$ cat input.cif   # mmCIF, C-alpha atoms
data_model
#
loop_
_atom_site.group_PDB
_atom_site.id
_atom_site.type_symbol
_atom_site.label_atom_id
_atom_site.label_comp_id
_atom_site.auth_asym_id
_atom_site.auth_seq_id
_atom_site.Cartn_x
_atom_site.Cartn_y
_atom_site.Cartn_z
ATOM 1 C CA MET A 154 122.752 81.241 96.489
ATOM 2 C CA ILE A 155 120.379 83.560 98.369
ATOM 3 C CA LEU A 156 119.830 83.261 102.111
ATOM 4 C CA THR A 157 116.828 84.767 103.869
ATOM 5 C CA ILE A 158 117.159 85.359 107.611
ATOM 6 C CA SER A 159 113.671 85.332 109.081
ATOM 7 C CA LEU A 160 111.230 83.680 111.459
ATOM 8 C CA ARG A 161 109.640 80.284 111.061
ATOM 9 C CA ASP A 162 106.487 80.496 108.915
ATOM 10 C CA ASP A 163 107.154 84.067 107.780
ATOM 11 C CA ILE A 164 104.712 84.492 104.886
ATOM 12 C CA HIS A 165 106.936 86.929 102.993
ATOM 13 C CA ALA A 166 110.006 84.702 103.165
ATOM 14 C CA LEU A 167 108.014 81.624 102.122
ATOM 15 C CA ALA A 168 106.207 83.368 99.265
ATOM 16 C CA VAL A 169 109.409 84.855 97.848
ATOM 17 C CA ARG A 170 111.279 81.530 98.166
ATOM 18 C CA ASN A 171 108.427 79.699 96.439
ATOM 19 C CA GLU A 172 108.394 82.230 93.612
ATOM 20 C CA ALA A 173 112.172 81.924 93.183
ATOM 21 C CA ARG A 174 111.992 78.133 93.096
ATOM 22 C CA ARG A 175 109.025 78.206 90.718
ATOM 23 C CA ARG A 176 111.319 80.032 88.331
ATOM 24 C CA GLY A 177 114.020 77.401 88.720
ATOM 25 C CA HIS A 178 116.212 79.139 91.288
ATOM 26 C CA ARG A 179 116.694 76.269 93.750
ATOM 27 C CA ASP A 180 119.506 77.860 95.782
ATOM 28 C CA PHE A 181 117.148 80.006 97.855
ATOM 29 C CA HIS A 182 117.176 79.066 101.544
ATOM 30 C CA ILE A 183 115.514 80.361 104.707
ATOM 31 C CA ILE A 184 117.515 80.459 107.933
ATOM 32 C CA GLU A 185 114.965 80.475 110.754
ATOM 33 C CA CYS A 186 116.464 82.755 113.389
ATOM 34 C CA ASP A 187 114.004 81.598 116.073
ATOM 35 C CA GLU A 188 114.816 77.901 115.533
ATOM 36 C CA LEU A 189 118.561 77.888 116.231
ATOM 37 C CA SER A 190 118.319 76.451 119.749
ATOM 38 C CA GLY A 191 117.837 72.723 120.276
ATOM 39 C CA ARG A 192 119.728 71.569 117.170
ATOM 40 C CA GLN A 193 123.087 71.990 115.447
ATOM 41 C CA SER A 194 122.243 75.159 113.547
ATOM 42 C CA LEU A 195 125.515 76.955 112.872
ATOM 43 C CA SER A 196 129.290 76.603 112.883
ATOM 44 C CA TRP A 197 132.103 79.125 112.291
ATOM 45 C CA ASP A 198 135.891 78.968 112.573
ATOM 46 C CA SER A 199 137.714 82.290 112.963
ATOM 47 C CA HIS A 200 140.729 81.084 110.953
ATOM 48 C CA GLY A 201 138.777 79.467 108.130
ATOM 49 C CA SER A 202 140.038 75.934 108.666
ATOM 50 C CA SER A 203 136.467 74.727 108.115
ATOM 51 C CA PRO A 204 133.555 76.260 106.182
ATOM 52 C CA THR A 205 130.905 78.398 107.861
ATOM 53 C CA VAL A 206 127.736 76.306 107.949
ATOM 54 C CA LEU A 207 124.121 77.273 108.637
ATOM 55 C CA ARG A 208 121.099 74.988 108.945
ATOM 56 C CA ALA A 209 118.271 75.939 106.551
ATOM 57 C CA SER A 210 114.578 75.534 107.305
ATOM 58 C CA ASP A 211 114.403 72.286 105.316
ATOM 59 C CA GLY A 212 117.248 70.789 107.357
ATOM 60 C CA GLN A 213 119.848 71.284 104.635
ATOM 61 C CA ARG A 214 123.250 72.498 105.831
ATOM 62 C CA VAL A 215 124.419 75.309 103.565
ATOM 63 C CA ARG A 216 127.857 76.897 103.290
ATOM 64 C CA LEU A 217 127.890 80.630 103.833
ATOM 65 C CA GLU A 218 130.823 80.853 101.425
ATOM 66 C CA ASP A 219 128.456 79.778 98.625
ATOM 67 C CA ALA A 220 125.943 82.573 99.271
ATOM 68 C CA SER A 221 125.953 85.713 97.140
ATOM 69 C CA LEU A 222 123.149 87.618 98.885
ATOM 70 C CA VAL A 223 121.561 87.745 102.350
ATOM 71 C CA TRP A 224 118.024 89.103 102.713
ATOM 72 C CA TRP A 225 118.034 90.365 106.328
ATOM 73 C CA ARG A 226 114.281 90.003 106.745
ATOM 74 C CA ARG A 227 113.149 89.324 110.336
ATOM 75 C CA VAL A 228 115.810 88.735 112.987
ATOM 76 C CA ARG A 229 114.627 89.822 116.440
ATOM 77 C CA ALA A 230 112.778 86.907 117.966
ATOM 78 C CA ALA A 231 113.079 84.639 120.993
ATOM 79 C CA GLN A 232 114.108 81.035 120.453
ATOM 80 C CA ARG A 233 111.113 78.705 120.434
ATOM 81 C CA ASP A 234 113.137 76.052 122.245
ATOM 82 C CA ALA A 235 113.921 78.515 125.049
ATOM 83 C CA GLU A 236 110.251 78.890 125.968
ATOM 84 C CA SER A 237 110.314 75.524 127.765
ATOM 85 C CA ARG A 238 113.174 76.555 130.070
ATOM 86 C CA ASP A 239 112.168 77.331 133.651
ATOM 87 C CA SER A 240 115.060 79.666 134.412
ATOM 88 C CA THR A 241 114.817 83.269 133.224
ATOM 89 C CA SER A 242 118.599 83.540 133.117
ATOM 90 C CA GLU A 243 118.812 80.378 130.983
ATOM 91 C CA ARG A 244 116.215 81.699 128.541
ATOM 92 C CA ASN A 245 118.057 85.004 128.314
ATOM 93 C CA LEU A 246 121.370 83.240 127.706
ATOM 94 C CA ILE A 247 119.919 81.088 124.921
ATOM 95 C CA ASN A 248 118.152 84.008 123.231
ATOM 96 C CA ASN A 249 121.067 86.412 123.487
ATOM 97 C CA ASP A 250 123.737 83.957 122.383
ATOM 98 C CA CYS A 251 121.734 82.538 119.491
ATOM 99 C CA ARG A 252 120.986 86.019 118.172
ATOM 100 C CA GLY A 253 124.525 87.245 118.779
ATOM 101 C CA ALA A 254 126.150 84.202 117.176
ATOM 102 C CA LEU A 255 124.017 84.376 114.024
ATOM 103 C CA THR A 256 124.514 88.108 113.550
ATOM 104 C CA GLY A 257 128.188 87.957 114.403
ATOM 105 C CA ILE A 258 128.937 85.052 112.074
ATOM 106 C CA LEU A 259 127.162 86.695 109.154
ATOM 107 C CA CYS A 260 128.832 90.064 109.683
ATOM 108 C CA ALA A 261 132.262 88.433 110.127
ATOM 109 C CA ALA A 262 132.179 85.848 107.351
ATOM 110 C CA PHE A 263 129.661 86.872 104.668
ATOM 111 C CA GLN A 264 131.294 88.601 101.695
ATOM 112 C CA GLY A 265 128.295 89.136 99.416
ATOM 113 C CA GLU A 266 125.457 91.636 99.101
ATOM 114 C CA TRP A 267 122.980 92.563 101.855
ATOM 115 C CA VAL A 268 119.311 93.580 101.639
ATOM 116 C CA SER A 269 119.949 95.514 103.760
ATOM 117 C CA HIS A 270 123.068 95.436 105.964
ATOM 118 C CA PRO A 271 122.277 94.800 109.671
ATOM 119 C CA GLU A 272 123.934 98.023 110.823
ATOM 120 C CA ALA A 273 121.988 100.124 108.313
ATOM 121 C CA THR A 274 118.765 98.277 109.088
ATOM 122 C CA ASP A 275 119.110 98.857 112.830
ATOM 123 C CA ARG A 276 120.022 102.509 112.394
ATOM 124 C CA ALA A 277 117.216 103.186 109.912
ATOM 125 C CA SER A 278 114.677 101.488 112.197
ATOM 126 C CA ASP A 279 115.130 104.372 114.639
ATOM 127 C CA LYS A 280 112.083 106.543 113.945
ATOM 128 C CA LEU A 281 113.718 109.693 115.245
ATOM 129 C CA TYR A 282 116.864 109.235 113.184
ATOM 130 C CA GLN A 283 114.971 108.521 109.971
ATOM 131 C CA LEU A 284 112.793 111.612 110.482
ATOM 132 C CA ALA A 285 115.929 113.742 110.778
ATOM 133 C CA VAL A 286 117.418 112.166 107.632
ATOM 134 C CA ALA A 287 114.198 112.680 105.657
ATOM 135 C CA ARG A 288 114.056 116.320 106.734
ATOM 136 C CA ARG A 289 117.694 116.887 105.767
ATOM 137 C CA ASN A 290 116.870 115.495 102.328
ATOM 138 C CA GLY A 291 114.079 117.955 101.659
ATOM 139 C CA PHE A 292 110.951 116.227 102.930
ATOM 140 C CA ARG A 293 108.414 117.884 105.124
ATOM 141 C CA VAL A 294 108.055 115.802 108.284
ATOM 142 C CA PRO A 295 105.545 116.235 111.125
ATOM 143 C CA ARG A 296 106.764 118.395 113.961
ATOM 144 C CA THR A 297 107.643 115.839 116.622
ATOM 145 C CA LEU A 298 108.121 115.933 120.394
ATOM 146 C CA VAL A 299 109.552 113.057 122.426
ATOM 147 C CA THR A 300 109.026 113.585 126.130
ATOM 148 C CA GLN A 301 107.847 112.204 129.470
ATOM 149 C CA SER A 302 106.337 115.499 130.574
ATOM 150 C CA ARG A 303 102.584 116.106 130.524
ATOM 151 C CA GLU A 304 103.221 119.855 130.699
ATOM 152 C CA GLU A 305 105.395 119.759 127.574
ATOM 153 C CA VAL A 306 102.733 117.794 125.707
ATOM 154 C CA MET A 307 100.058 120.309 126.702
ATOM 155 C CA SER A 308 102.256 123.174 125.532
ATOM 156 C CA PHE A 309 102.985 121.316 122.281
ATOM 157 C CA LEU A 310 99.233 120.884 121.667
ATOM 158 C CA GLY A 311 98.763 124.623 121.988
ATOM 159 C CA GLU A 312 101.467 125.231 119.394
ATOM 160 C CA VAL A 313 100.488 122.717 116.668
ATOM 161 C CA GLY A 314 96.692 122.598 117.036
ATOM 162 C CA ARG A 315 96.122 118.827 117.151
ATOM 163 C CA VAL A 316 98.373 116.052 118.387
ATOM 164 C CA ILE A 317 98.728 112.339 117.713
ATOM 165 C CA VAL A 318 100.725 109.874 119.797
ATOM 166 C CA LYS A 319 102.656 106.748 118.803
ATOM 167 C CA PRO A 320 105.307 104.546 120.438
ATOM 168 C CA VAL A 321 108.974 105.328 119.895
ATOM 169 C CA VAL A 322 109.825 101.654 119.307
ATOM 170 C CA GLY A 323 106.770 99.587 120.244
ATOM 171 C CA THR A 324 106.494 96.031 121.430
ATOM 172 C CA SER A 325 106.300 92.528 120.017
ATOM 173 C CA GLY A 326 102.872 92.162 121.615
ATOM 174 C CA PRO A 327 99.587 93.616 120.301
ATOM 175 C CA LEU A 328 99.857 96.151 117.484
ATOM 176 C CA LEU A 329 99.780 99.697 118.904
ATOM 177 C CA PHE A 330 97.886 101.975 116.533
ATOM 178 C CA THR A 331 98.535 105.701 116.237
ATOM 179 C CA GLN A 332 95.938 107.664 118.223
ATOM 180 C CA TYR A 333 94.707 111.226 118.684
ATOM 181 C CA LEU A 334 95.566 112.966 121.941
ATOM 182 C CA ASP A 335 93.052 115.771 122.216
ATOM 183 C CA GLN A 336 92.984 116.093 126.012
ATOM 184 C CA PRO A 337 96.463 115.426 127.378
ATOM 185 C CA ASP A 338 95.523 116.950 130.739
ATOM 186 C CA SER A 339 93.011 114.116 131.297
ATOM 187 C CA ILE A 340 95.857 111.570 131.569
ATOM 188 C CA PRO A 341 97.744 111.350 134.893
ATOM 189 C CA ALA A 342 101.328 112.641 134.850
ATOM 190 C CA PRO A 343 102.777 109.241 135.938
ATOM 191 C CA SER A 344 101.426 107.714 132.714
ATOM 192 C CA TYR A 345 103.592 110.093 130.717
ATOM 193 C CA GLU A 346 106.562 109.467 132.975
ATOM 194 C CA ALA A 347 106.406 105.677 132.525
ATOM 195 C CA CYS A 348 108.257 105.907 129.202
ATOM 196 C CA PRO A 349 108.864 108.422 126.410
ATOM 197 C CA ALA A 350 106.420 108.542 123.506
ATOM 198 C CA MET A 351 106.301 110.334 120.153
ATOM 199 C CA TYR A 352 103.876 113.256 120.012
ATOM 200 C CA GLN A 353 103.384 114.702 116.541
ATOM 201 C CA GLU A 354 101.380 117.389 114.835
ATOM 202 C CA TYR A 355 98.377 115.955 113.011
ATOM 203 C CA ILE A 356 98.706 116.213 109.225
ATOM 204 C CA GLU A 357 95.401 117.055 107.564
ATOM 205 C CA GLY A 358 94.105 114.962 104.678
ATOM 206 C CA ASP A 359 92.608 111.561 103.845
ATOM 207 C CA GLU A 360 95.140 110.309 101.274
ATOM 208 C CA HIS A 361 97.856 107.952 102.487
ATOM 209 C CA ILE A 362 100.666 106.526 100.345
ATOM 210 C CA ARG A 363 102.337 103.172 100.981
ATOM 211 C CA LEU A 364 105.414 103.136 98.775
ATOM 212 C CA ASN A 365 107.457 99.956 98.412
ATOM 213 C CA CYS A 366 110.957 100.512 97.094
ATOM 214 C CA PHE A 367 112.854 97.465 95.758
ATOM 215 C CA GLY A 368 116.215 98.812 94.688
ATOM 216 C CA GLU A 369 115.581 101.170 91.788
ATOM 217 C CA ARG A 370 111.911 100.168 91.328
ATOM 218 C CA MET A 371 108.974 101.619 93.279
ATOM 219 C CA TYR A 372 105.401 100.371 93.640
ATOM 220 C CA ALA A 373 102.961 102.576 95.499
ATOM 221 C CA ALA A 374 99.382 102.348 96.767
ATOM 222 C CA LEU A 375 96.967 105.189 97.487
ATOM 223 C CA LEU A 376 94.768 104.507 100.506
ATOM 224 C CA LYS A 377 91.827 106.849 101.078
ATOM 225 C CA THR A 378 90.466 107.054 104.603
ATOM 226 C CA GLU A 379 89.650 109.581 107.314
ATOM 227 C CA THR A 380 90.951 107.057 109.842
ATOM 228 C CA LEU A 381 94.246 108.051 111.412
ATOM 229 C CA ASP A 382 95.884 104.606 111.087
ATOM 230 C CA TRP A 383 94.809 102.752 107.921
ATOM 231 C CA ARG A 384 96.283 99.420 109.098
ATOM 232 C CA ALA A 385 93.162 98.722 111.159
ATOM 233 C CA ASP A 386 90.878 98.472 108.090
ATOM 234 C CA LEU A 387 91.961 97.301 104.639
ATOM 235 C CA THR A 388 88.427 97.482 103.235
ATOM 236 C CA ILE A 389 89.049 101.158 102.460
ATOM 237 C CA PRO A 390 89.548 102.265 98.828
ATOM 238 C CA ILE A 391 93.051 101.207 97.742
ATOM 239 C CA SER A 392 94.487 101.744 94.272
ATOM 240 C CA SER A 393 97.802 101.844 92.462
ATOM 241 C CA TRP A 394 99.487 105.224 92.557
ATOM 242 C CA PRO A 395 102.112 106.370 90.040
ATOM 243 C CA VAL A 396 105.126 107.760 91.884
ATOM 244 C CA PRO A 397 106.030 111.263 90.633
ATOM 245 C CA ASP A 398 109.655 111.610 89.505
ATOM 246 C CA GLU A 399 110.441 114.287 92.091
ATOM 247 C CA LEU A 400 109.088 112.151 94.933
ATOM 248 C CA ALA A 401 110.984 109.093 93.661
ATOM 249 C CA GLU A 402 114.198 111.100 93.656
ATOM 250 C CA GLY A 403 113.549 112.248 97.209
ATOM 251 C CA VAL A 404 112.802 108.724 98.445
ATOM 252 C CA THR A 405 115.940 107.421 96.732
ATOM 253 C CA ALA A 406 118.017 110.110 98.414
ATOM 254 C CA VAL A 407 116.652 109.241 101.868
ATOM 255 C CA LEU A 408 117.170 105.502 101.442
ATOM 256 C CA ARG A 409 120.691 106.085 100.156
ATOM 257 C CA ALA A 410 121.450 108.259 103.185
ATOM 258 C CA LEU A 411 120.073 105.498 105.431
ATOM 259 C CA GLY A 412 122.100 102.824 103.635
ATOM 260 C CA LEU A 413 118.982 100.852 102.652
ATOM 261 C CA ARG A 414 118.396 98.905 99.441
ATOM 262 C CA MET A 415 114.683 98.521 100.093
ATOM 263 C CA GLY A 416 112.000 99.972 102.307
ATOM 264 C CA ALA A 417 108.266 100.358 102.874
ATOM 265 C CA ILE A 418 107.609 104.089 103.176
ATOM 266 C CA ASP A 419 104.512 105.729 104.640
ATOM 267 C CA ILE A 420 103.678 109.180 103.277
ATOM 268 C CA LYS A 421 100.605 111.340 103.773
ATOM 269 C CA LEU A 422 99.360 113.831 101.198
ATOM 270 C CA THR A 423 98.051 117.129 102.500
ATOM 271 C CA PRO A 424 94.814 118.504 100.949
ATOM 272 C CA ASP A 425 96.946 120.518 98.520
ATOM 273 C CA GLY A 426 98.967 117.441 97.529
ATOM 274 C CA GLU A 427 102.185 118.022 99.477
ATOM 275 C CA PRO A 428 103.838 114.718 100.482
ATOM 276 C CA VAL A 429 104.708 114.485 104.181
ATOM 277 C CA TRP A 430 107.189 111.800 105.208
ATOM 278 C CA LEU A 431 105.899 109.718 108.123
ATOM 279 C CA GLU A 432 108.299 106.777 108.355
ATOM 280 C CA VAL A 433 110.124 103.953 106.601
ATOM 281 C CA ASN A 434 110.178 100.323 107.653
ATOM 282 C CA PRO A 435 113.444 98.805 106.360
ATOM 283 C CA GLN A 436 111.751 95.393 106.058
ATOM 284 C CA GLY A 437 108.085 96.338 105.840
ATOM 285 C CA GLN A 438 105.176 94.196 104.747
ATOM 286 C CA PHE A 439 104.221 94.439 101.079
ATOM 287 C CA LEU A 440 102.448 91.214 100.068
ATOM 288 C CA PHE A 441 99.096 92.378 101.486
ATOM 289 C CA LEU A 442 98.973 94.828 98.572
ATOM 290 C CA GLU A 443 99.449 92.161 95.892
ATOM 291 C CA PRO A 444 95.766 91.099 95.590
ATOM 292 C CA LEU A 445 94.503 94.614 96.298
ATOM 293 C CA LEU A 446 96.561 96.217 93.538
ATOM 294 C CA ARG A 447 96.682 93.131 91.296
ATOM 295 C CA LEU A 448 100.428 93.517 91.083
ATOM 296 C CA PRO A 449 102.769 90.490 91.263
ATOM 297 C CA LEU A 450 104.870 92.002 94.040
ATOM 298 C CA ALA A 451 106.462 88.680 94.987
ATOM 299 C CA GLN A 452 107.694 88.351 91.389
ATOM 300 C CA TYR A 453 109.001 91.900 91.401
ATOM 301 C CA PHE A 454 110.803 91.292 94.670
ATOM 302 C CA VAL A 455 112.437 88.108 93.355
ATOM 303 C CA ASP A 456 113.566 90.096 90.297
ATOM 304 C CA PHE A 457 115.127 92.618 92.667
ATOM 305 C CA LEU A 458 116.930 89.990 94.772
ATOM 306 C CA LEU A 459 118.264 88.063 91.770
ATOM 307 C CA SER A 460 119.469 91.182 89.970
ATOM 308 C CA THR A 461 121.190 92.409 93.139
ATOM 309 C CA ALA A 462 122.875 89.029 93.664
ATOM 310 C CA ARG A 463 124.103 88.917 90.055
ATOM 311 C CA ALA A 464 124.977 92.567 89.528
ATOM 312 C CA PRO A 465 125.225 94.492 92.830
ATOM 313 C CA LEU A 466 123.296 97.745 92.935
ATOM 314 C CA THR A 467 124.524 101.043 94.244
ATOM 315 C CA VAL A 468 122.876 101.463 97.657
ATOM 316 C CA PRO A 469 119.912 101.612 97.604
#
$ encode --input "input.cif" --output "structure tokens"
Amino acid sequence: MILTISLRDDIHALAVRNEARRRGHRDFHIIECDELSGRQSLSWDSHGSSPTVLRASDGQRVRLEDASLVWWRRVRAAQRDAESRDSTSERNLINNDCRGALTGILCAAFQGEWVSHPEATDRASDKLYQLAVARRNGFRVPRTLVTQSREEVMSFLGEVGRVIVKPVVGTSGPLLFTQYLDQPDSIPAPSYEACPAMYQEYIEGDEHIRLNCFGERMYAALLKTETLDWRADLTIPISSWPVPDELAEGVTAVLRALGLRMGAIDIKLTPDGEPVWLEVNPQGQFLFLEPLLRLPLAQYFVDFLLSTARAPLTVP
């Protein structure tokens, strides 16, 4: 049995479940982490006198003891049922306790394989930590400054030539695209002081790599654009890109150090072809590339999950 922990109507979870079931694997269930409130969704006994039970998206109650793999897909979301509560403290209680109970039960009772473990996923989601790990494993990474000081940003600009800015963590609201910051002195100092941000040297070049790693297999796309953040326009030229052996070894080393079994890695190629590590999303989007590359990525991902469930891989 494979359990996917995700949000209601998550396209990736649904597509992968449908592909698994199309191939006859019926024991593939989605646990909707934003639909726990308002129904009997979970049950756990610390001394094991009764089985640990979770409610799947189709209403079926599944035993955690029967699961061999958990795909820890999307887990940070408010409860939909909590939105109707008038009290802020009540909404917070519902959201915090539903999230804490689900995570705690899985970490306490699940004995199978993770893709990837919650602790590793949370740690690897830290952009600053993953940059340090990538650098320790031989990758060039952009010189990065995290600060709330306009003066430090202006000094940094003088040192690296051109600067981009991105959020340290971001928000669940509108997507915040990476932007140039050519005139930091034009922004009032209180704007910098509101919260830290990531200021990085701009890496020259128009070739971006999106590399999806599923265990020991890698599938990469080359995206050609002068635009700083390619996510805003997928009409740009996109093609399959064979991953060089040396780069694959480096990516594997970073993911192993992060404790991840999968990841969506963003790399930029300099004009002379040097790969520069930008970041890894431990549970990044990959299905948008399926029609663009004409690769059956959902099939490949199901292969990865089933092989991991049957014969556990060395992390990653």
$ residues_near_point --input "input.cif" --point "(108.1, 89.4, 98.8)" --cutoff "9 Å" --atoms "all atoms listed in the file" --output "compact mmCIF listing (two decimals) with C-alpha atoms, in the frame of the given file"
# COMPACT_ATOMS: atom_id res chain seq x y z
CA ILE A 164 104.71 84.49 104.89
CA HIS A 165 106.94 86.93 102.99
CA ALA A 166 110.01 84.70 103.16
CA LEU A 167 108.01 81.62 102.12
CA ALA A 168 106.21 83.37 99.26
CA VAL A 169 109.41 84.86 97.85
CA ARG A 170 111.28 81.53 98.17
CA GLU A 172 108.39 82.23 93.61
CA GLN A 438 105.18 94.20 104.75
CA PHE A 439 104.22 94.44 101.08
CA LEU A 440 102.45 91.21 100.07
CA LEU A 450 104.87 92.00 94.04
CA ALA A 451 106.46 88.68 94.99
CA GLN A 452 107.69 88.35 91.39
CA TYR A 453 109.00 91.90 91.40
CA PHE A 454 110.80 91.29 94.67
CA VAL A 455 112.44 88.11 93.36
$ closest_residue --input "input.cif" --among "A:Glu346, A:Thr205, A:Thr297, A:Arg179" --to "Ala285 (chain A)" --atoms "only C-alpha atoms"
A:Thr297
$ closest_residue --input "input.cif" --among "A:Val223, A:Ala277, A:Ala342, A:Val433" --to "Ala262 (chain A)" --atoms "all atoms listed in the file"
A:Val223
$ resolve_selection --input "input.cif" --expression "the PyMOL selection byres ((chain A and resi 338) around 12)" --output "MDAnalysis selection string"
chainID A and resid 302:308 310 334:337 339:345
$ resolve_selection --input "input.cif" --expression "the PyMOL selection byres ((chain A and resi 300) around 7)" --output "ChimeraX atom specification"
/A:298-299,301-302,349-350
$ write_last_selection --input "input.cif" --atoms "C-alpha atoms" --output "PDB file, in the coordinates of the input"
ATOM      1  CA  LEU A 298     108.121 115.933 120.394  1.00  0.00           C
ATOM      2  CA  VAL A 299     109.552 113.057 122.426  1.00  0.00           C
ATOM      3  CA  GLN A 301     107.847 112.204 129.470  1.00  0.00           C
ATOM      4  CA  SER A 302     106.337 115.499 130.574  1.00  0.00           C
ATOM      5  CA  PRO A 349     108.864 108.422 126.410  1.00  0.00           C
ATOM      6  CA  ALA A 350     106.420 108.542 123.506  1.00  0.00           C
TER       7      ALA A 350
END
$ residues_near_point --input "input.cif" --point "(117.0, 85.5, 105.0)" --cutoff "10 Å" --atoms "all atoms listed in the file" --output "PyMOL selection string"
chain A and resi 155-160+166+170+181-186+209+222-228+267-268
$ write_last_selection --input "input.cif" --atoms "C-alpha atoms" --output "compact mmCIF listing (two decimals), in the frame of the given file"
# COMPACT_ATOMS: atom_id res chain seq x y z
CA ILE A 155 120.38 83.56 98.37
CA LEU A 156 119.83 83.26 102.11
CA THR A 157 116.83 84.77 103.87
CA ILE A 158 117.16 85.36 107.61
CA SER A 159 113.67 85.33 109.08
CA LEU A 160 111.23 83.68 111.46
CA ALA A 166 110.01 84.70 103.16
CA ARG A 170 111.28 81.53 98.17
CA PHE A 181 117.15 80.01 97.86
CA HIS A 182 117.18 79.07 101.54
CA ILE A 183 115.51 80.36 104.71
CA ILE A 184 117.52 80.46 107.93
CA GLU A 185 114.96 80.47 110.75
CA CYS A 186 116.46 82.76 113.39
CA ALA A 209 118.27 75.94 106.55
CA LEU A 222 123.15 87.62 98.88
CA VAL A 223 121.56 87.74 102.35
CA TRP A 224 118.02 89.10 102.71
CA TRP A 225 118.03 90.36 106.33
CA ARG A 226 114.28 90.00 106.74
CA ARG A 227 113.15 89.32 110.34
CA VAL A 228 115.81 88.74 112.99
CA TRP A 267 122.98 92.56 101.86
CA VAL A 268 119.31 93.58 101.64
$ closest_residue --input "input.cif" --among "A:Ser460, A:Asn290, A:Ser203, A:Asn245" --to "Leu217 (chain A)" --atoms "only C-alpha atoms"
A:Ser203
$ residues_around --input "input.cif" --residues "Ser325 (chain A)" --least-positions-apart "6" --cutoff "12 Å" --atoms "only C-alpha atoms" --output "JSON, numbers by chain"
{"A": [229, 230, 231]}
$ closest_residue --input "input.cif" --among "A:Leu458, A:Arg175, A:Phe330, A:Leu442" --to "Glu266 (chain A)" --atoms "only C-alpha atoms"
A:Leu458
$ atom_distance --input "input.cif" --atom1 "CA of Val316 (chain A)" --atom2 "CA of Asp275 (chain A)"
27.5 Å
$ resolve_selection --input "input.cif" --expression "the PyMOL selection byres ((chain A and resi 391) around 9)" --output "JSON, numbers by chain"
{"A": [374, 375, 376, 377, 387, 388, 389, 390, 392, 393, 442, 445, 446]}
$ closest_residue --input "input.cif" --among "A:Thr331, A:Thr461, A:Ser196, A:Gln232" --to "Gly368 (chain A)" --atoms "all atoms listed in the file"
A:Thr461
$ closest_residue --input "input.cif" --among "A:Val294, A:Ala287, A:Ile247, A:Cys348" --to "Ala410 (chain A)" --atoms "all atoms listed in the file"
A:Ala287
$ atom_distance --input "input.cif" --atom1 "CA of Asp234 (chain A)" --atom2 "CA of Trp197 (chain A)"
21.6 Å
$ residues_around --input "input.cif" --residues "region 355-358 of chain A" --least-positions-apart "2" --cutoff "8 Å" --atoms "only C-alpha atoms" --output "list in words"
Pro295, Val313, Gly314, Arg315, Val316, Ile317, Gln353, Glu360, Glu379, Lys421, Leu422, Thr423 and Pro424 of chain A
$ write_last_selection --input "input.cif" --atoms "C-alpha atoms" --output "PDB file, in the frame of the given file"
ATOM      1  CA  PRO A 295     105.545 116.235 111.125  1.00  0.00           C
ATOM      2  CA  VAL A 313     100.488 122.717 116.668  1.00  0.00           C
ATOM      3  CA  GLY A 314      96.692 122.598 117.036  1.00  0.00           C
ATOM      4  CA  ARG A 315      96.122 118.827 117.151  1.00  0.00           C
ATOM      5  CA  VAL A 316      98.373 116.052 118.387  1.00  0.00           C
ATOM      6  CA  ILE A 317      98.728 112.339 117.713  1.00  0.00           C
ATOM      7  CA  GLN A 353     103.384 114.702 116.541  1.00  0.00           C
ATOM      8  CA  GLU A 360      95.140 110.309 101.274  1.00  0.00           C
ATOM      9  CA  GLU A 379      89.650 109.581 107.314  1.00  0.00           C
ATOM     10  CA  LYS A 421     100.605 111.340 103.773  1.00  0.00           C
ATOM     11  CA  LEU A 422      99.360 113.831 101.198  1.00  0.00           C
ATOM     12  CA  THR A 423      98.051 117.129 102.500  1.00  0.00           C
ATOM     13  CA  PRO A 424      94.814 118.504 100.949  1.00  0.00           C
TER      14      PRO A 424
END
